[in-house]
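Undergrad: Let me begin by handing over the structure; questions about it come next.
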Amino acid sequence: MLVPIMIWYPVRRSRLGTSLYAVGNDPASAYVVGIKVGRVTIAAFVLSALFAALGGVVLTMGIASGDPNIGTPYTLNSITAAVLGGALLSGGRGTIAGTVAGALTLSFISNLLFSLGINSYWQFVVTGALLVAVLALPPVIRRIRIRRAVVAS
């Protein structure tokens, strides 16, 4: 879990890392500031492919097999871990530490469900429900805050 943090910390503090956050948040504003949005977008895709390939190699080494479908169940888990850690699906917000914390929380929940003897099908249902809940929660909180502000004024 420390390896992603050790890799990302220098990148985040670099010019590229700052540009990645700026383009992810608002490409038009990043362009106005002078960031080459096209280059940063390509760099983001290259970094994503590099880390995906590295993850695939590590997974293949761990299971000692070359099955092309072995990573299919990890898609839901990776997205859920990132969102649970505070990353926005639209981009521009999120930290690697938050994603690692989300992955640890998700693995804890999965281990708990496995320890309780719950079928793996229901583990996917719980993970999907958790993702939907985390995505649906901010708009609900925003509406509650607006109603409280209206009532208070």
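Ligands are numbered from 1 in the order shown, chains are lettered A, B, ... in the order of the structure tokens, and residues start at 1 in each chain.
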As an MDAnalysis selection string, list the residues of region 22-75 of chain A assigned to alpha helix (DSSP H) by DSSP on the backbone atoms of this structure.

TA: chainID A and resid 22:25 27:33 37:63 74:75

Undergrad: Pull N, CA and C atoms from the residues just selected and write them as a short mmCIF file (atom, residue, chain, number, x, y, z; two decimals), in the first residue's frame.

TA:
data_model
loop_
_atom_site.label_atom_id
_atom_site.label_comp_id
_atom_site.auth_asym_id
_atom_site.auth_seq_id
_atom_site.Cartn_x
_atom_site.Cartn_y
_atom_site.Cartn_z
N ALA A 22 -5.21 20.31 -12.48
CA ALA A 22 -5.84 21.47 -13.10
C ALA A 22 -6.68 21.07 -14.31
N VAL A 23 -6.12 20.21 -15.16
CA VAL A 23 -6.87 19.78 -16.35
C VAL A 23 -8.05 18.91 -15.95
N GLY A 24 -7.88 18.08 -14.93
CA GLY A 24 -8.99 17.25 -14.47
C GLY A 24 -10.11 18.06 -13.88
N ASN A 25 -9.78 19.17 -13.25
CA ASN A 25 -10.79 20.02 -12.63
C ASN A 25 -11.55 20.85 -13.66
N PRO A 27 -10.58 21.88 -17.79
CA PRO A 27 -9.63 22.02 -18.90
C PRO A 27 -9.59 23.42 -19.49
N ALA A 28 -10.73 24.09 -19.56
CA ALA A 28 -10.74 25.44 -20.14
C ALA A 28 -9.93 26.41 -19.29
N SER A 29 -10.10 26.35 -17.99
CA SER A 29 -9.33 27.22 -17.10
C SER A 29 -7.85 26.88 -17.14
N ALA A 30 -7.54 25.60 -17.23
CA ALA A 30 -6.14 25.19 -17.31
C ALA A 30 -5.51 25.72 -18.60
N TYR A 31 -6.27 25.72 -19.69
CA TYR A 31 -5.77 26.25 -20.95
C TYR A 31 -5.51 27.75 -20.85
N VAL A 32 -6.40 28.45 -20.19
CA VAL A 32 -6.25 29.90 -20.03
C VAL A 32 -5.01 30.22 -19.21
N VAL A 33 -4.71 29.39 -18.23
CA VAL A 33 -3.53 29.62 -17.39
C VAL A 33 -2.24 29.34 -18.15
N VAL A 37 -3.15 21.50 -22.51
CA VAL A 37 -4.16 20.52 -22.11
C VAL A 37 -4.00 19.21 -22.87
N GLY A 38 -3.73 19.26 -24.14
CA GLY A 38 -3.57 18.06 -24.95
C GLY A 38 -2.43 17.18 -24.45
N ARG A 39 -1.29 17.81 -24.18
CA ARG A 39 -0.14 17.05 -23.69
C ARG A 39 -0.40 16.44 -22.32
N VAL A 40 -1.05 17.20 -21.46
CA VAL A 40 -1.33 16.70 -20.11
C VAL A 40 -2.33 15.55 -20.18
N THR A 41 -3.32 15.64 -21.07
CA THR A 41 -4.29 14.56 -21.23
C THR A 41 -3.60 13.30 -21.74
N ILE A 42 -2.71 13.44 -22.71
CA ILE A 42 -1.97 12.28 -23.20
C ILE A 42 -1.10 11.71 -22.10
N ALA A 43 -0.45 12.56 -21.33
CA ALA A 43 0.38 12.08 -20.21
C ALA A 43 -0.46 11.33 -19.18
N ALA A 44 -1.68 11.80 -18.95
CA ALA A 44 -2.56 11.12 -18.01
C ALA A 44 -2.92 9.72 -18.51
N PHE A 45 -3.22 9.60 -19.78
CA PHE A 45 -3.54 8.29 -20.34
C PHE A 45 -2.32 7.37 -20.34
N VAL A 46 -1.15 7.92 -20.63
CA VAL A 46 0.07 7.11 -20.63
C VAL A 46 0.37 6.62 -19.21
N LEU A 47 0.26 7.51 -18.23
CA LEU A 47 0.48 7.09 -16.83
C LEU A 47 -0.55 6.05 -16.40
N SER A 48 -1.79 6.25 -16.80
CA SER A 48 -2.84 5.28 -16.46
C SER A 48 -2.53 3.92 -17.07
N ALA A 49 -2.13 3.90 -18.34
CA ALA A 49 -1.79 2.64 -18.99
C ALA A 49 -0.57 1.99 -18.36
N LEU A 50 0.41 2.81 -17.98
CA LEU A 50 1.61 2.27 -17.34
C LEU A 50 1.27 1.61 -16.01
N PHE A 51 0.46 2.27 -15.19
CA PHE A 51 0.10 1.69 -13.90
C PHE A 51 -0.83 0.49 -14.05
N ALA A 52 -1.70 0.51 -15.07
CA ALA A 52 -2.56 -0.64 -15.33
C ALA A 52 -1.72 -1.84 -15.76
N ALA A 53 -0.73 -1.60 -16.60
CA ALA A 53 0.16 -2.68 -17.03
C ALA A 53 0.96 -3.22 -15.86
N LEU A 54 1.44 -2.32 -15.01
CA LEU A 54 2.19 -2.75 -13.82
C LEU A 54 1.30 -3.58 -12.90
N GLY A 55 0.06 -3.15 -12.72
CA GLY A 55 -0.89 -3.92 -11.91
C GLY A 55 -1.18 -5.28 -12.53
N GLY A 56 -1.29 -5.33 -13.85
CA GLY A 56 -1.52 -6.60 -14.54
C GLY A 56 -0.35 -7.56 -14.38
N VAL A 57 0.86 -7.03 -14.44
CA VAL A 57 2.05 -7.86 -14.25
C VAL A 57 2.09 -8.40 -12.82
N VAL A 58 1.82 -7.56 -11.85
CA VAL A 58 1.82 -8.00 -10.46
C VAL A 58 0.73 -9.05 -10.22
N LEU A 59 -0.45 -8.84 -10.79
CA LEU A 59 -1.53 -9.82 -10.65
C LEU A 59 -1.17 -11.14 -11.31
N THR A 60 -0.57 -11.08 -12.50
CA THR A 60 -0.16 -12.29 -13.19
C THR A 60 0.91 -13.04 -12.41
N MET A 61 1.84 -12.31 -11.81
CA MET A 61 2.87 -12.96 -10.98
C MET A 61 2.25 -13.60 -9.75
N GLY A 62 1.22 -12.98 -9.20
CA GLY A 62 0.59 -13.50 -7.99
C GLY A 62 -0.19 -14.77 -8.22
N ILE A 63 -0.85 -14.89 -9.37
CA ILE A 63 -1.66 -16.08 -9.62
C ILE A 63 -0.95 -17.08 -10.52
N TYR A 74 -12.11 -6.86 -10.72
CA TYR A 74 -11.42 -5.75 -10.07
C TYR A 74 -11.89 -4.39 -10.55
N THR A 75 -12.62 -4.34 -11.65
CA THR A 75 -13.07 -3.05 -12.17
C THR A 75 -14.01 -2.35 -11.19
#

Undergrad: May I ask for the distance between CA of Arg147 (chain A) and CA of Leu135 (chain A), given in Å to one decimal place?

TA: 20.2 Å

Undergrad: Which of these, A:Leu20, A:Val83, A:Val11, A:Val151, has the shortest distance to Ala133 (chain A) once you count only C-alpha atoms?

TA: A:Val83

Undergrad: How many Å separate CA of Leu113 (chain A) from CA of Val126 (chain A)?

TA: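 Separation between CA of Leu113 (chain A) and CA of Val126 (chain A): 9.1 Å.
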
Undergrad: Could you tell me how far CA of Thr99 (chain A) sits from CA of Leu131 (chain A), in Å to one decimal place?

TA: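 Between CA of Leu131 (chain A) and CA of Thr99 (chain A) the gap is 13.4 Å.
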